[in-house]
Every structure is written in structure tokens, then in C-alpha cells.
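Printed here is query20.csv (CSV, C-alpha atoms):
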```
chain,number,residue,atom,x,y,z
A,1,MET,CA,119.9,87.2,92.0
A,2,LYS,CA,121.9,84.1,91.3
A,3,ILE,CA,120.4,82.3,94.3
A,4,ILE,CA,116.8,83.2,93.1
A,5,ARG,CA,117.6,82.0,89.6
A,6,PHE,CA,119.1,78.7,91.0
A,7,LEU,CA,116.0,78.1,93.2
A,8,LEU,CA,113.7,78.8,90.3
A,9,ILE,CA,115.5,76.4,87.9
A,10,SER,CA,115.7,73.8,90.7
A,11,THR,CA,112.0,74.0,91.4
A,12,ILE,CA,111.1,73.7,87.8
A,13,CYS,CA,113.5,70.7,87.4
A,14,VAL,CA,111.9,69.1,90.4
A,15,SER,CA,108.5,69.7,89.1
A,16,SER,CA,109.3,68.2,85.7
A,17,ILE,CA,110.5,65.1,87.5
A,18,THR,CA,107.6,64.9,89.9
A,19,ALA,CA,104.3,64.3,88.4
A,20,ALA,CA,101.6,66.8,89.2
A,21,ASN,CA,98.6,65.8,91.2
A,22,ALA,CA,96.1,64.7,88.5
A,23,GLN,CA,93.1,65.8,90.4
A,24,SER,CA,91.1,69.0,90.3
A,25,PHE,CA,90.1,70.5,93.6
A,26,PHE,CA,88.9,73.3,95.8
A,27,SER,CA,90.6,73.9,99.1
A,28,PHE,CA,89.3,76.0,102.0
A,29,SER,CA,91.7,77.1,104.7
A,30,THR,CA,91.9,79.6,107.6
A,31,GLY,CA,94.4,80.5,110.2
A,32,ILE,CA,96.3,83.7,111.2
A,33,SER,CA,98.0,86.4,109.2
A,34,THR,CA,100.5,89.1,110.1
A,35,ASP,CA,102.2,91.9,108.2
A,36,ILE,CA,105.8,92.0,107.1
A,37,ASN,CA,105.9,95.4,105.4
A,38,ARG,CA,107.9,97.1,108.2
A,39,ASN,CA,104.9,98.8,109.6
A,40,ARG,CA,105.3,100.5,112.9
A,41,LYS,CA,101.9,99.0,113.9
A,42,SER,CA,101.4,95.2,113.9
A,43,PHE,CA,98.5,94.2,111.7
A,44,TYR,CA,96.9,90.8,112.3
A,45,GLN,CA,94.0,89.2,110.4
A,46,ILE,CA,92.1,86.0,110.2
A,47,PRO,CA,92.6,84.9,106.6
A,48,VAL,CA,90.0,82.9,104.7
A,49,SER,CA,91.6,81.3,101.7
A,50,VAL,CA,90.0,79.4,98.8
A,51,GLN,CA,92.1,77.7,96.1
A,52,TRP,CA,90.8,76.3,92.9
A,53,LYS,CA,92.7,74.1,90.6
A,54,PRO,CA,90.5,73.6,87.5
A,55,GLU,CA,92.9,71.5,85.4
A,56,SER,CA,93.8,67.9,86.2
A,57,SER,CA,96.4,66.8,83.7
A,58,THR,CA,99.1,69.5,83.1
A,59,ARG,CA,102.5,69.4,84.7
A,60,LEU,CA,102.2,73.1,85.8
A,61,PRO,CA,98.5,73.4,86.5
A,62,LEU,CA,96.9,76.8,86.6
A,63,ILE,CA,95.6,77.7,90.0
A,64,PHE,CA,93.3,80.5,91.3
A,65,GLU,CA,93.3,81.8,94.8
A,66,PHE,CA,90.9,84.1,96.7
A,67,ASP,CA,92.0,85.4,100.0
A,68,TYR,CA,90.1,87.6,102.4
A,69,GLY,CA,91.7,88.9,105.6
A,70,ILE,CA,89.2,89.5,108.3
A,71,PRO,CA,90.7,92.4,110.3
A,72,LEU,CA,91.7,92.2,113.9
A,73,ILE,CA,91.9,95.6,115.6
A,74,THR,CA,95.3,97.2,115.7
A,75,THR,CA,95.7,100.0,118.2
A,76,GLY,CA,97.8,103.1,118.2
A,77,SER,CA,97.4,106.6,119.7
A,78,GLY,CA,96.6,110.1,118.7
A,79,GLU,CA,96.8,113.5,120.4
A,80,ALA,CA,93.8,115.8,120.4
A,81,TYR,CA,93.8,119.5,121.3
A,82,THR,CA,91.1,122.0,122.4
A,83,LEU,CA,90.6,125.7,122.7
A,84,ASN,CA,88.1,125.3,125.4
A,85,PRO,CA,89.7,126.8,128.6
A,86,GLN,CA,87.4,124.6,130.7
A,87,LEU,CA,89.0,121.4,129.3
A,88,PRO,CA,92.5,120.0,129.4
A,89,GLU,CA,94.6,121.5,126.5
A,90,LYS,CA,95.6,118.1,125.2
A,91,VAL,CA,94.4,114.5,125.6
A,92,THR,CA,95.8,111.2,124.2
A,93,LEU,CA,93.3,109.1,122.4
A,94,THR,CA,93.4,105.4,121.6
A,95,GLU,CA,93.3,104.8,117.9
A,96,SER,CA,92.0,101.6,116.3
A,97,ILE,CA,92.7,100.6,112.8
A,98,ARG,CA,90.8,97.8,111.0
A,99,ALA,CA,92.7,96.7,107.9
A,100,SER,CA,91.0,94.3,105.6
A,101,ILE,CA,92.5,92.8,102.4
A,102,PHE,CA,90.9,90.9,99.5
A,103,THR,CA,93.2,89.4,96.9
A,104,ILE,CA,92.6,87.4,93.8
A,105,SER,CA,95.6,85.6,92.5
A,106,VAL,CA,96.4,83.6,89.4
A,107,GLY,CA,99.4,81.4,89.1
A,108,PHE,CA,100.6,77.8,88.8
A,109,GLN,CA,101.5,75.0,91.1
A,110,ILE,CA,104.8,73.1,91.2
A,111,ASN,CA,105.1,69.7,92.9
A,112,LEU,CA,108.2,69.6,95.0
A,113,LEU,CA,107.9,66.3,96.8
A,114,ASN,CA,105.3,63.5,96.5
A,115,ASN,CA,105.2,60.7,99.0
A,116,GLU,CA,102.3,58.4,98.4
A,117,LYS,CA,102.1,57.4,102.0
A,118,LYS,CA,102.8,60.6,103.9
A,119,GLY,CA,101.9,63.6,101.7
A,120,ARG,CA,102.7,66.0,99.0
A,121,LEU,CA,104.7,69.3,99.1
A,122,CYS,CA,103.8,72.0,96.5
A,123,LEU,CA,104.9,75.5,95.7
A,124,ASP,CA,102.4,77.9,94.4
A,125,LEU,CA,103.7,80.9,92.4
A,126,PHE,CA,101.3,83.8,91.7
A,127,PRO,CA,103.0,86.3,89.5
A,128,LEU,CA,99.7,88.1,89.1
A,129,ALA,CA,97.6,89.1,92.0
A,130,LEU,CA,95.0,91.9,92.4
A,131,SER,CA,94.7,93.1,95.9
A,132,SER,CA,92.3,95.5,97.5
A,133,GLN,CA,93.0,97.0,100.9
A,134,HIS,CA,90.7,99.0,103.2
A,135,TYR,CA,91.8,100.8,106.4
A,136,LYS,CA,89.2,102.1,108.7
A,137,ILE,CA,90.3,104.4,111.5
A,138,ASN,CA,88.5,105.2,114.7
A,139,TYR,CA,89.5,107.3,117.8
A,140,LYS,CA,88.0,106.0,121.0
A,141,ASN,CA,86.2,108.4,123.3
A,142,TYR,CA,86.9,111.3,120.8
A,143,ASP,CA,85.0,114.5,121.9
A,144,LYS,CA,84.5,115.8,118.3
A,145,GLU,CA,82.8,118.9,119.5
A,146,ASN,CA,85.6,120.2,121.6
A,147,TYR,CA,88.8,118.5,120.4
A,148,GLU,CA,90.7,118.2,117.2
A,149,VAL,CA,93.1,115.3,116.5
A,150,LEU,CA,96.5,116.5,115.3
A,151,ASN,CA,97.7,114.8,112.1
A,152,PRO,CA,95.1,112.1,112.3
A,153,ASP,CA,95.3,108.9,110.4
A,154,LEU,CA,92.7,108.8,107.6
A,155,ASN,CA,90.5,106.0,106.2
A,156,ARG,CA,92.1,104.7,103.1
A,157,ASN,CA,90.9,102.4,100.2
A,158,THR,CA,93.7,101.3,98.0
A,159,GLY,CA,94.6,98.5,95.7
A,160,GLY,CA,96.8,97.4,92.9
A,161,LEU,CA,98.9,94.6,91.6
A,162,ALA,CA,100.9,92.3,93.8
A,163,MET,CA,102.8,89.0,93.6
A,164,ALA,CA,102.5,86.1,96.0
A,165,THR,CA,103.9,82.6,96.7
A,166,ALA,CA,102.8,79.8,98.9
A,167,LEU,CA,104.2,76.6,100.3
A,168,ILE,CA,101.5,73.9,100.7
A,169,TYR,CA,101.7,70.5,102.4
A,170,ASN,CA,98.9,68.1,101.7
A,171,PHE,CA,98.5,65.3,104.3
A,172,HIS,CA,97.5,62.1,102.6
A,173,LYS,CA,97.0,60.3,105.9
A,174,ASN,CA,94.5,62.8,107.2
A,175,GLN,CA,91.7,62.8,104.7
A,176,ASP,CA,93.0,65.6,102.4
A,177,MET,CA,94.0,68.0,105.1
A,178,MET,CA,96.4,70.7,104.0
A,179,ALA,CA,98.6,73.4,105.6
A,180,MET,CA,99.8,76.5,103.8
A,181,ILE,CA,102.3,79.3,104.4
A,182,ARG,CA,101.6,82.2,102.0
A,183,ILE,CA,103.4,85.4,101.5
A,184,GLN,CA,102.3,88.4,99.4
A,185,SER,CA,104.1,91.5,98.3
A,186,PRO,CA,102.8,95.0,99.1
A,187,THR,CA,100.7,96.4,96.2
A,188,PHE,CA,102.5,98.2,93.5
A,189,THR,CA,100.7,101.5,94.1
A,190,LYS,CA,101.5,105.1,94.6
A,191,LYS,CA,102.2,106.1,98.2
A,192,ALA,CA,99.5,108.2,99.8
A,193,ASP,CA,99.9,112.0,99.5
A,194,TYR,CA,99.1,112.4,103.2
A,195,PRO,CA,101.6,111.0,105.6
A,196,LEU,CA,99.9,108.1,107.4
A,197,SER,CA,101.2,106.1,110.3
A,198,TYR,CA,100.9,102.8,108.4
A,199,ASN,CA,102.0,101.4,105.1
A,200,CYS,CA,100.2,99.0,102.8
A,201,ILE,CA,100.2,95.5,104.3
A,202,ALA,CA,102.2,92.6,102.9
A,203,PRO,CA,100.5,89.6,104.6
A,204,LEU,CA,102.3,86.5,105.8
A,205,GLN,CA,99.7,83.9,106.5
A,206,PHE,CA,99.6,80.5,108.0
A,207,THR,CA,96.5,78.5,107.3
A,208,ILE,CA,95.2,75.0,107.7
A,209,GLY,CA,92.2,73.5,105.8
A,210,TYR,CA,90.9,70.8,103.5
A,211,ASN,CA,91.1,69.9,99.8
A,212,PHE,CA,87.9,68.9,98.1
A,213,TYR,CA,88.7,66.8,95.1
A,214,TYR,CA,86.0,66.6,92.4
A,215,LYS,CA,87.6,64.6,89.6
A,216,LYS,CA,88.9,61.4,91.1
B,1,MET,CA,123.4,110.5,69.3
B,2,ASN,CA,122.7,108.2,72.3
B,3,MET,CA,123.9,110.9,74.7
B,4,LYS,CA,121.6,113.4,73.2
B,5,LEU,CA,118.7,111.0,73.5
B,6,ILE,CA,119.6,110.4,77.2
B,7,LYS,CA,119.9,114.1,77.9
B,8,SER,CA,116.6,115.0,76.3
B,9,SER,CA,114.9,112.1,78.0
B,10,ALA,CA,116.3,113.2,81.4
B,11,SER,CA,115.1,116.8,80.7
B,12,VAL,CA,111.6,115.6,80.0
B,13,CYS,CA,111.6,113.5,83.1
B,14,MET,CA,112.9,116.5,85.2
B,15,ILE,CA,110.1,118.7,83.8
B,16,PHE,CA,107.5,116.0,84.5
B,17,LEU,CA,108.8,115.6,88.1
B,18,LEU,CA,108.8,119.4,88.6
B,19,LEU,CA,105.3,119.6,87.4
B,20,SER,CA,104.1,116.7,89.5
B,21,SER,CA,105.9,117.9,92.6
B,22,CYS,CA,103.8,121.0,93.0
B,23,THR,CA,100.3,119.7,92.2
B,24,LYS,CA,99.1,119.3,95.8
B,25,ARG,CA,96.3,121.3,97.3
B,26,ASN,CA,97.0,119.7,100.6
B,27,PHE,CA,93.3,120.0,101.6
B,28,TYR,CA,92.4,116.8,103.5
B,29,PRO,CA,88.7,116.9,104.3
B,30,ASP,CA,87.7,116.5,108.0
B,31,ALA,CA,85.0,113.9,108.0
B,32,ASP,CA,83.5,115.4,111.2
B,33,ASP,CA,83.6,119.0,110.1
B,34,PRO,CA,82.3,119.3,106.4
B,35,GLY,CA,84.2,121.9,104.4
B,36,LEU,CA,87.2,122.0,106.7
B,37,SER,CA,90.6,120.4,106.4
B,38,ILE,CA,92.0,118.2,109.2
B,39,LEU,CA,94.3,119.7,111.8
B,40,SER,CA,97.8,119.0,110.6
B,41,SER,CA,101.4,120.2,111.3
B,42,TYR,CA,103.3,119.4,108.1
B,43,GLY,CA,103.6,123.0,106.7
B,44,PHE,CA,100.8,122.4,104.2
B,45,ASN,CA,99.9,126.1,104.1
B,46,ILE,CA,96.2,125.3,104.6
B,47,ALA,CA,93.8,127.0,107.0
B,48,SER,CA,90.1,126.5,107.3
B,49,VAL,CA,87.3,127.8,109.6
B,50,TYR,CA,83.6,128.2,110.0
B,51,ILE,CA,82.4,131.8,110.0
B,52,ASN,CA,78.7,131.8,111.0
B,53,ASN,CA,78.7,128.1,110.2
B,54,VAL,CA,79.9,128.6,106.6
B,55,PRO,CA,83.2,126.9,105.8
B,56,TYR,CA,86.1,129.1,104.6
B,57,VAL,CA,89.5,128.1,103.4
B,58,ASN,CA,92.6,129.9,102.1
B,59,PRO,CA,92.6,130.0,98.3
B,60,TYR,CA,95.2,128.6,96.0
B,61,LYS,CA,96.8,129.7,92.7
B,62,ARG,CA,98.2,127.9,89.7
B,63,GLY,CA,102.0,127.7,89.7
B,64,ILE,CA,104.0,129.3,86.9
B,65,ILE,CA,104.9,125.8,85.5
B,66,GLY,CA,101.6,124.2,86.5
B,67,GLY,CA,100.4,122.7,89.7
B,68,ILE,CA,98.7,124.2,92.6
B,69,VAL,CA,100.2,126.4,95.3
B,70,ASN,CA,98.2,127.4,98.4
B,71,TYR,CA,98.4,131.1,99.3
B,72,ALA,CA,100.7,131.5,102.3
B,73,PRO,CA,99.8,133.8,105.2
B,74,THR,CA,101.6,137.0,106.2
B,75,LEU,CA,103.2,137.1,109.6
B,76,ARG,CA,104.2,140.7,110.5
B,77,LYS,CA,105.0,142.8,113.5
B,78,ILE,CA,103.1,146.0,113.2
B,79,GLN,CA,104.8,148.9,115.1
B,80,THR,CA,102.4,151.0,117.1
B,81,ALA,CA,102.8,154.2,119.2
B,82,ALA,CA,101.5,152.3,122.2
B,83,ALA,CA,103.6,150.3,124.7
B,84,LEU,CA,103.1,147.1,122.8
B,85,ASP,CA,103.4,146.3,119.1
B,86,THR,CA,100.9,144.0,117.3
B,87,LEU,CA,101.9,140.6,115.8
B,88,SER,CA,99.6,140.1,112.9
B,89,LEU,CA,99.0,136.7,111.3
B,90,SER,CA,96.6,137.1,108.3
B,91,TRP,CA,95.6,135.2,105.3
B,92,LEU,CA,93.1,135.3,102.4
B,93,ILE,CA,89.9,133.2,102.7
B,94,ASN,CA,87.3,132.0,100.3
B,95,LYS,CA,84.0,130.2,100.9
B,96,ASN,CA,84.6,126.5,100.7
B,97,ASP,CA,81.1,125.5,99.5
B,98,ASN,CA,79.5,125.4,96.1
B,99,SER,CA,79.2,129.2,95.8
B,100,THR,CA,81.8,131.2,94.0
B,101,GLY,CA,84.5,133.3,95.8
B,102,TYR,CA,82.9,136.5,94.5
B,103,ASN,CA,79.9,136.0,96.8
B,104,SER,CA,82.2,135.7,99.8
B,105,PRO,CA,81.4,138.4,102.4
B,106,TYR,CA,84.9,138.1,103.8
B,107,GLN,CA,88.2,138.0,102.0
B,108,ASN,CA,90.7,138.1,104.8
B,109,ILE,CA,91.2,136.9,108.4
B,110,SER,CA,93.7,138.3,110.9
B,111,LEU,CA,94.8,137.1,114.3
B,112,LEU,CA,96.3,140.0,116.3
B,113,ILE,CA,98.5,139.4,119.3
B,114,PRO,CA,100.0,142.3,121.4
B,115,VAL,CA,103.7,141.7,121.8
B,116,SER,CA,106.7,143.6,123.2
B,117,LYS,CA,108.7,146.0,121.1
B,118,SER,CA,111.6,143.6,121.2
B,119,PHE,CA,109.6,140.6,120.1
B,120,SER,CA,111.7,138.2,118.0
B,121,VAL,CA,111.5,134.9,116.1
B,122,ASN,CA,112.7,133.1,119.2
B,123,ASP,CA,109.9,134.6,121.2
B,124,PHE,CA,107.5,133.4,118.5
B,125,ILE,CA,108.9,129.9,118.7
B,126,ALA,CA,108.5,130.1,122.5
B,127,LEU,CA,104.7,130.3,121.9
B,128,SER,CA,104.7,126.7,120.8
B,129,GLY,CA,102.3,124.7,122.9
B,130,LYS,CA,100.8,127.9,124.4
B,131,ARG,CA,97.0,128.5,124.6
B,132,LEU,CA,96.3,132.2,124.6
B,133,ALA,CA,93.2,133.3,126.4
B,134,ALA,CA,90.5,135.5,124.8
B,135,ASN,CA,91.7,138.6,126.6
B,136,SER,CA,95.3,138.4,125.3
B,137,ASN,CA,94.6,138.6,121.6
B,138,ALA,CA,92.1,139.5,119.0
B,139,ILE,CA,90.6,138.4,115.7
B,140,ALA,CA,89.3,140.4,112.7
B,141,VAL,CA,87.7,139.4,109.5
B,142,ASN,CA,87.8,141.9,106.7
B,143,SER,CA,86.2,142.5,103.3
B,144,PHE,CA,87.3,144.9,100.6
B,145,TYR,CA,84.5,147.3,101.5
B,146,ASN,CA,84.5,146.8,105.3
B,147,PRO,CA,87.8,146.8,107.2
B,148,GLY,CA,85.9,145.4,110.2
B,149,ASN,CA,86.6,145.9,113.9
B,150,PRO,CA,88.5,143.2,115.8
B,151,GLY,CA,86.7,140.9,118.3
B,152,THR,CA,87.8,138.5,120.9
B,153,SER,CA,89.7,135.3,120.0
B,154,ASN,CA,91.0,132.1,121.6
B,155,LEU,CA,94.3,131.0,120.0
B,156,TYR,CA,96.4,127.9,120.5
B,157,PHE,CA,99.8,127.5,118.9
B,158,ILE,CA,100.1,123.7,119.0
B,159,LYS,CA,103.4,123.4,117.3
B,160,ILE,CA,106.0,125.9,116.1
B,161,HIS,CA,109.4,125.0,114.8
B,162,ILE,CA,112.0,126.5,112.4
B,163,ASP,CA,114.5,125.0,110.0
B,164,THR,CA,117.2,126.6,107.9
B,165,SER,CA,114.7,128.1,105.4
B,166,ALA,CA,111.2,128.3,106.9
B,167,LEU,CA,109.1,128.8,110.0
B,168,TYR,CA,106.4,126.1,110.5
B,169,PHE,CA,103.4,126.6,112.8
B,170,SER,CA,100.1,125.0,113.4
B,171,GLY,CA,97.2,125.6,115.7
B,172,LEU,CA,93.6,126.2,116.5
B,173,PHE,CA,91.5,129.4,116.8
B,174,ASP,CA,88.0,130.7,117.3
B,175,GLY,CA,86.4,134.0,118.1
B,176,LYS,CA,83.5,136.3,118.2
B,177,ILE,CA,83.1,139.8,116.6
B,178,GLY,CA,80.2,141.7,118.0
B,179,ASP,CA,77.0,139.7,118.0
B,180,SER,CA,76.9,139.0,114.3
B,181,ILE,CA,80.1,137.1,113.5
B,182,VAL,CA,80.9,133.8,115.2
B,183,ILE,CA,84.1,132.1,114.2
B,184,THR,CA,84.4,128.4,115.1
B,185,LYS,CA,86.6,125.3,114.6
B,186,GLY,CA,89.5,127.3,113.0
B,187,ARG,CA,92.7,125.4,112.3
B,188,PHE,CA,95.9,126.3,110.5
B,189,ASP,CA,99.0,124.6,109.3
B,190,PHE,CA,101.5,127.2,107.8
B,191,LYS,CA,105.0,127.4,106.5
B,192,ILE,CA,106.5,130.8,105.9
B,193,ASP,CA,109.8,131.6,104.3
B,194,LYS,CA,112.2,133.1,106.9
B,195,ASN,CA,112.9,136.0,104.7
B,196,ALA,CA,109.3,137.0,104.7
B,197,ILE,CA,109.2,137.7,108.4
B,198,ASN,CA,109.9,141.3,109.5
B,199,PHE,CA,110.9,140.6,113.2
```

Could you take the file, read its structure, and then write that structure out as C-alpha cells?
Amino acid sequence: MKIIRFLLISTICVSSITAANAQSFFSFSTGISTDINRNRKSFYQIPVSVQWKPESSTRLPLIFEFDYGIPLITTGSGEAYTLNPQLPEKVTLTESIRASIFTISVGFQINLLNNEKKGRLCLDLFPLALSSQHYKINYKNYDKENYEVLNPDLNRNTGGLAMATALIYNFHKNQDMMAMIRIQSPTFTKKADYPLSYNCIAPLQFTIGYNFYYKK
Amino acid sequence: MNMKLIKSSASVCMIFLLLSSCTKRNFYPDADDPGLSILSSYGFNIASVYINNVPYVNPYKRGIIGGIVNYAPTLRKIQTAAALDTLSLSWLINKNDNSTGYNSPYQNISLLIPVSKSFSVNDFIALSGKRLAANSNAIAVNSFYNPGNPGTSNLYFIKIHIDTSALYFSGLFDGKIGDSIVITKGRFDFKIDKNAINF
């Protein structure tokens, strides 16, 4: 707790010394995202991130972020059983899970370092994020007439509040290019009644994109 | 005064937790088989089946302090004068569609397995993973007015295990009684108190 408090105070001090970027902008970025919520399965996504900083003059400018994670298929397995004496009692099926996330975040941006020639390092803090998560389950080659999957994973739509933070580097040399590492907490939501093989995702994403300044 | 407040707050929380802990129906719809619950093995005390293509499920009751409790089955060894006794697994059923339970032509379903006179809980546990052929057991559906004759049944005990207090077992079943009753897609996930078993 002491360390967190120290880091928070330090960043606020640094931000008060370092002038905020006095330009409003949109930024678009994409890259790769993984999950850090101790899931037994590894969830990967292609994140598409849009940031909007509407203000241009304040020291702690308000910032909005929209993130959508395009799901990549995560595989698992399931066991299916049949009563039909003509068929094998038990078969193992390949399970695919598509997990997509959409998050709207509101927060503020703190300038950590600003080098006029090289670039600018910022920290985005999002104490308020609303995240919607969808999990779609499919069992490959599942003979639904004859077999039943034991304890199958179920489709799930969930959502709730979360928090997020991002470290952003803006390259001044490369025409407003930016790189971002963003981490988001799992949603603060009730655990599913039915025991699933996966938890809500806490995405860790690395993206690269461009800033589009509109008040220069 | 503060202690009193803490104690009363704790009591309210305990009651709330107690109420919320037994509010589960544990019916998880099977997207591929409308009206049936998925096949599970968590001791949910849920069983569902099609009888002549109509979905049936075991009913539930309201708990004394609120919440929902699924009716558990009865698992009994019935002694007979023949060389073998009968292991009977039976449970109540209701239609699981929009019609009321009073219109249900069947109120009970029984799986009947011939077993030795010395059949024990360990023998039952040994059935785990066994698929019993149609000629080795029977199925019956009964109503209040019609006890019904047993027909042939396929039965598969997928998982059976026991802990210090209860016996858990899950599986699949189907069957046919005469030409008029066809039982398909049956699945059960039961948990029975050890003290409720008579063998």
C-alpha cells in the first residue's frame, strides 16, 4: 500500500511539473491482447483501441477510451457420452471459446516525461470503466443426436465495472506514432452460478497506432 | 452498544447468506434439447427427460427459510423372494413446458436394476463408468392412477463417488414401455444423503 501511495504521489508530482500536451486528439491503435486473470485457458484477442482527449488546456486532461477485443479462438476439450450401444461410450471433443470484450473507460492522463525531440511518456488512469464480455462456446464434430457433453461450458454474457491503466509513449520523430501497454482489471461482477472452465478476462494489451491532433 | 450493533448486523448478514445460499434451482437449459437441463455431475439434484417428446423435470420445493430445493430421488434396495433383489432409483417428475403439473400424465419415474442380495454401497460405486444394456435393467413411469408396467431401458452411470456425507451419481438413460411410451435423452445428476440409503 505504501508503495502504491508513493507511486501515485510521485506521478502526480511529476505531472504537475511537466506540462500536459496542449492538443486535443484521437488515437487509433491495434496489436495483441492476452489475459492475466489466472485462467486455465489462454485467451488472446486483437484489440482495437480508440482514445479521445477532448480538452486541450488542463494539467490532468480528461480522456475517453473505447476498446474492443476481436476474439481469437481458444481451444479446450470436453467429454461426451452416449447410451447407444453401437457407438463408443465416450468421446473427447475439441472445445472452442470465442471471448470478446468491449470496454468504455473514462479517466485522465498524466504526463510523466516530455522530450521535445524524442517523445512523450504518459500514464492514463481509468478509475471508471464499463466492460461487456461475451463468451461463445462450440464443440467441434459434436454428434448432438447421440452424445451428451458432461459438464459443458456454457455461453455467457457478462459485464460490469472495472478499472484500467495504460502507459503510452508518443514518438515525436515518427509523425505522431504511439505505443501503448494497457492493463484492465476483471469486472467487479458476481461469479457465475454454474461452474465454468474459465474466469472473466483481465486483458493485458500491447498496441501501436497513431494520434490525430485536431487543435494544433 | 457497539457490540450489540455488530452482533445484530452479523446476525442479519448470516440470515441473508443462509437465504441466498439455497436459492438455486440448478436447472441449466440445454440449448440443443429444449426443456432439458444439461448433463452435469456436480450433485445438483436435477434430472430431465423426454417422454413421448414432452420434456419432464424433477420438481422443486420452497425451503423452510426461503430459497429453492430440488426434490432428491430415492435410492433403495427392494428385497424380493426371487434370487435377485431390485435396486430402485426413482424420482418425481413434472412437465417442463408451459402446462401445469396437474395435467402431467406421469408423476414418477423409476430405474430398476436387478442386484444380488448382498449388494452394498461399494457395489453401487463400482457401477461408475458402466453402461448397462437394455436386458439388464428396466424403467417404469407411474401415475397416481396407473402404477404402470416396467419396460426396457438403457442406463449409463457416468460418474459415481461418495464423500463423508453424501453419494453423488450422474448418468444417462432412455427406454421404451410397450408401444406407447418412448423415453429419450434422459440425464440425471443426483446427490443423496448417505443416511437415506438402505443398503

| Which residues of chain B are close to chain A, meaning at most 12 Å apart when you count all atoms listed in the file, and how do they look as a PyMOL selection string? | chain B and resi 20-33+36-44+129-134+153-159+170-175+184-189

For the selection you just gave me, I'd like the residues written to a file as a PDB file, keeping the file's coordinate frame, keeping C-alpha atoms.
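Result saved to again-v8.pdb:
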```
ATOM      1  CA  SER B  20     104.100 116.700  89.500  1.00  0.00           C
ATOM      2  CA  SER B  21     105.900 117.900  92.600  1.00  0.00           C
ATOM      3  CA  CYS B  22     103.800 121.000  93.000  1.00  0.00           C
ATOM      4  CA  THR B  23     100.300 119.700  92.200  1.00  0.00           C
ATOM      5  CA  LYS B  24      99.100 119.300  95.800  1.00  0.00           C
ATOM      6  CA  ARG B  25      96.300 121.300  97.300  1.00  0.00           C
ATOM      7  CA  ASN B  26      97.000 119.700 100.600  1.00  0.00           C
ATOM      8  CA  PHE B  27      93.300 120.000 101.600  1.00  0.00           C
ATOM      9  CA  TYR B  28      92.400 116.800 103.500  1.00  0.00           C
ATOM     10  CA  PRO B  29      88.700 116.900 104.300  1.00  0.00           C
ATOM     11  CA  ASP B  30      87.700 116.500 108.000  1.00  0.00           C
ATOM     12  CA  ALA B  31      85.000 113.900 108.000  1.00  0.00           C
ATOM     13  CA  ASP B  32      83.500 115.400 111.200  1.00  0.00           C
ATOM     14  CA  ASP B  33      83.600 119.000 110.100  1.00  0.00           C
ATOM     15  CA  LEU B  36      87.200 122.000 106.700  1.00  0.00           C
ATOM     16  CA  SER B  37      90.600 120.400 106.400  1.00  0.00           C
ATOM     17  CA  ILE B  38      92.000 118.200 109.200  1.00  0.00           C
ATOM     18  CA  LEU B  39      94.300 119.700 111.800  1.00  0.00           C
ATOM     19  CA  SER B  40      97.800 119.000 110.600  1.00  0.00           C
ATOM     20  CA  SER B  41     101.400 120.200 111.300  1.00  0.00           C
ATOM     21  CA  TYR B  42     103.300 119.400 108.100  1.00  0.00           C
ATOM     22  CA  GLY B  43     103.600 123.000 106.700  1.00  0.00           C
ATOM     23  CA  PHE B  44     100.800 122.400 104.200  1.00  0.00           C
ATOM     24  CA  GLY B 129     102.300 124.700 122.900  1.00  0.00           C
ATOM     25  CA  LYS B 130     100.800 127.900 124.400  1.00  0.00           C
ATOM     26  CA  ARG B 131      97.000 128.500 124.600  1.00  0.00           C
ATOM     27  CA  LEU B 132      96.300 132.200 124.600  1.00  0.00           C
ATOM     28  CA  ALA B 133      93.200 133.300 126.400  1.00  0.00           C
ATOM     29  CA  ALA B 134      90.500 135.500 124.800  1.00  0.00           C
ATOM     30  CA  SER B 153      89.700 135.300 120.000  1.00  0.00           C
ATOM     31  CA  ASN B 154      91.000 132.100 121.600  1.00  0.00           C
ATOM     32  CA  LEU B 155      94.300 131.000 120.000  1.00  0.00           C
ATOM     33  CA  TYR B 156      96.400 127.900 120.500  1.00  0.00           C
ATOM     34  CA  PHE B 157      99.800 127.500 118.900  1.00  0.00           C
ATOM     35  CA  ILE B 158     100.100 123.700 119.000  1.00  0.00           C
ATOM     36  CA  LYS B 159     103.400 123.400 117.300  1.00  0.00           C
ATOM     37  CA  SER B 170     100.100 125.000 113.400  1.00  0.00           C
ATOM     38  CA  GLY B 171      97.200 125.600 115.700  1.00  0.00           C
ATOM     39  CA  LEU B 172      93.600 126.200 116.500  1.00  0.00           C
ATOM     40  CA  PHE B 173      91.500 129.400 116.800  1.00  0.00           C
ATOM     41  CA  ASP B 174      88.000 130.700 117.300  1.00  0.00           C
ATOM     42  CA  GLY B 175      86.400 134.000 118.100  1.00  0.00           C
ATOM     43  CA  THR B 184      84.400 128.400 115.100  1.00  0.00           C
ATOM     44  CA  LYS B 185      86.600 125.300 114.600  1.00  0.00           C
ATOM     45  CA  GLY B 186      89.500 127.300 113.000  1.00  0.00           C
ATOM     46  CA  ARG B 187      92.700 125.400 112.300  1.00  0.00           C
ATOM     47  CA  PHE B 188      95.900 126.300 110.500  1.00  0.00           C
ATOM     48  CA  ASP B 189      99.000 124.600 109.300  1.00  0.00           C
TER      49      ASP B 189
END
```

When distances are computed from only C-alpha atoms, which of A:Thr189, A:Thr58, A:Ser197, A:Thr103 shows the smallest separation from A:Ser77?
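Ranking A:Thr189, A:Thr58, A:Ser197, A:Thr103 by distance to A:Ser77, first place goes to A:Ser197.
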
Min atom-atom distance to A:Tyr44 from the set A:Phe26, A:Tyr169, A:Phe206, A:Phe188, counting all atoms listed in the file, belongs to A:Phe206

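Separating atom CA of A:Ile73 from atom CA of A:Asn199 is a distance of 15.7 Å.
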
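Nearest to A:Cys122 of all the residues A:Arg98, A:Asn138, A:Leu87, A:Ile63 is A:Ile63, counting only C-alpha atoms.
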
Gap from atom CA of B:Leu112 to atom CA of B:Asn53 - Å, one decimal =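 Between atom CA of B:Leu112 and atom CA of B:Asn53 the gap works out to 22.1 Å.
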
- If I put a ball of radius 10 Å at (112.0, 149.9, 124.3) in the file's coordinates, which residues poke into it when counting only C-alpha atoms, written as a list of chain:residue names? B:Ala83, B:Leu84, B:Ser116, B:Lys117, B:Ser118

Requested in this report: Name all residues at most 7 Å from A:Thr165 (count all atoms listed in the file; drop same-chain ones fewer than 6 positions away) and give them as number ranges by chain.
Outcome: A: 124-126, 182-184

field: Distance query A:Lys191 at most 10 Å, only C-alpha atoms, self and fewer than 5 positions along chain excluded, as an MDAnalysis selection string
entry: chainID A and resid 158 196 199:200
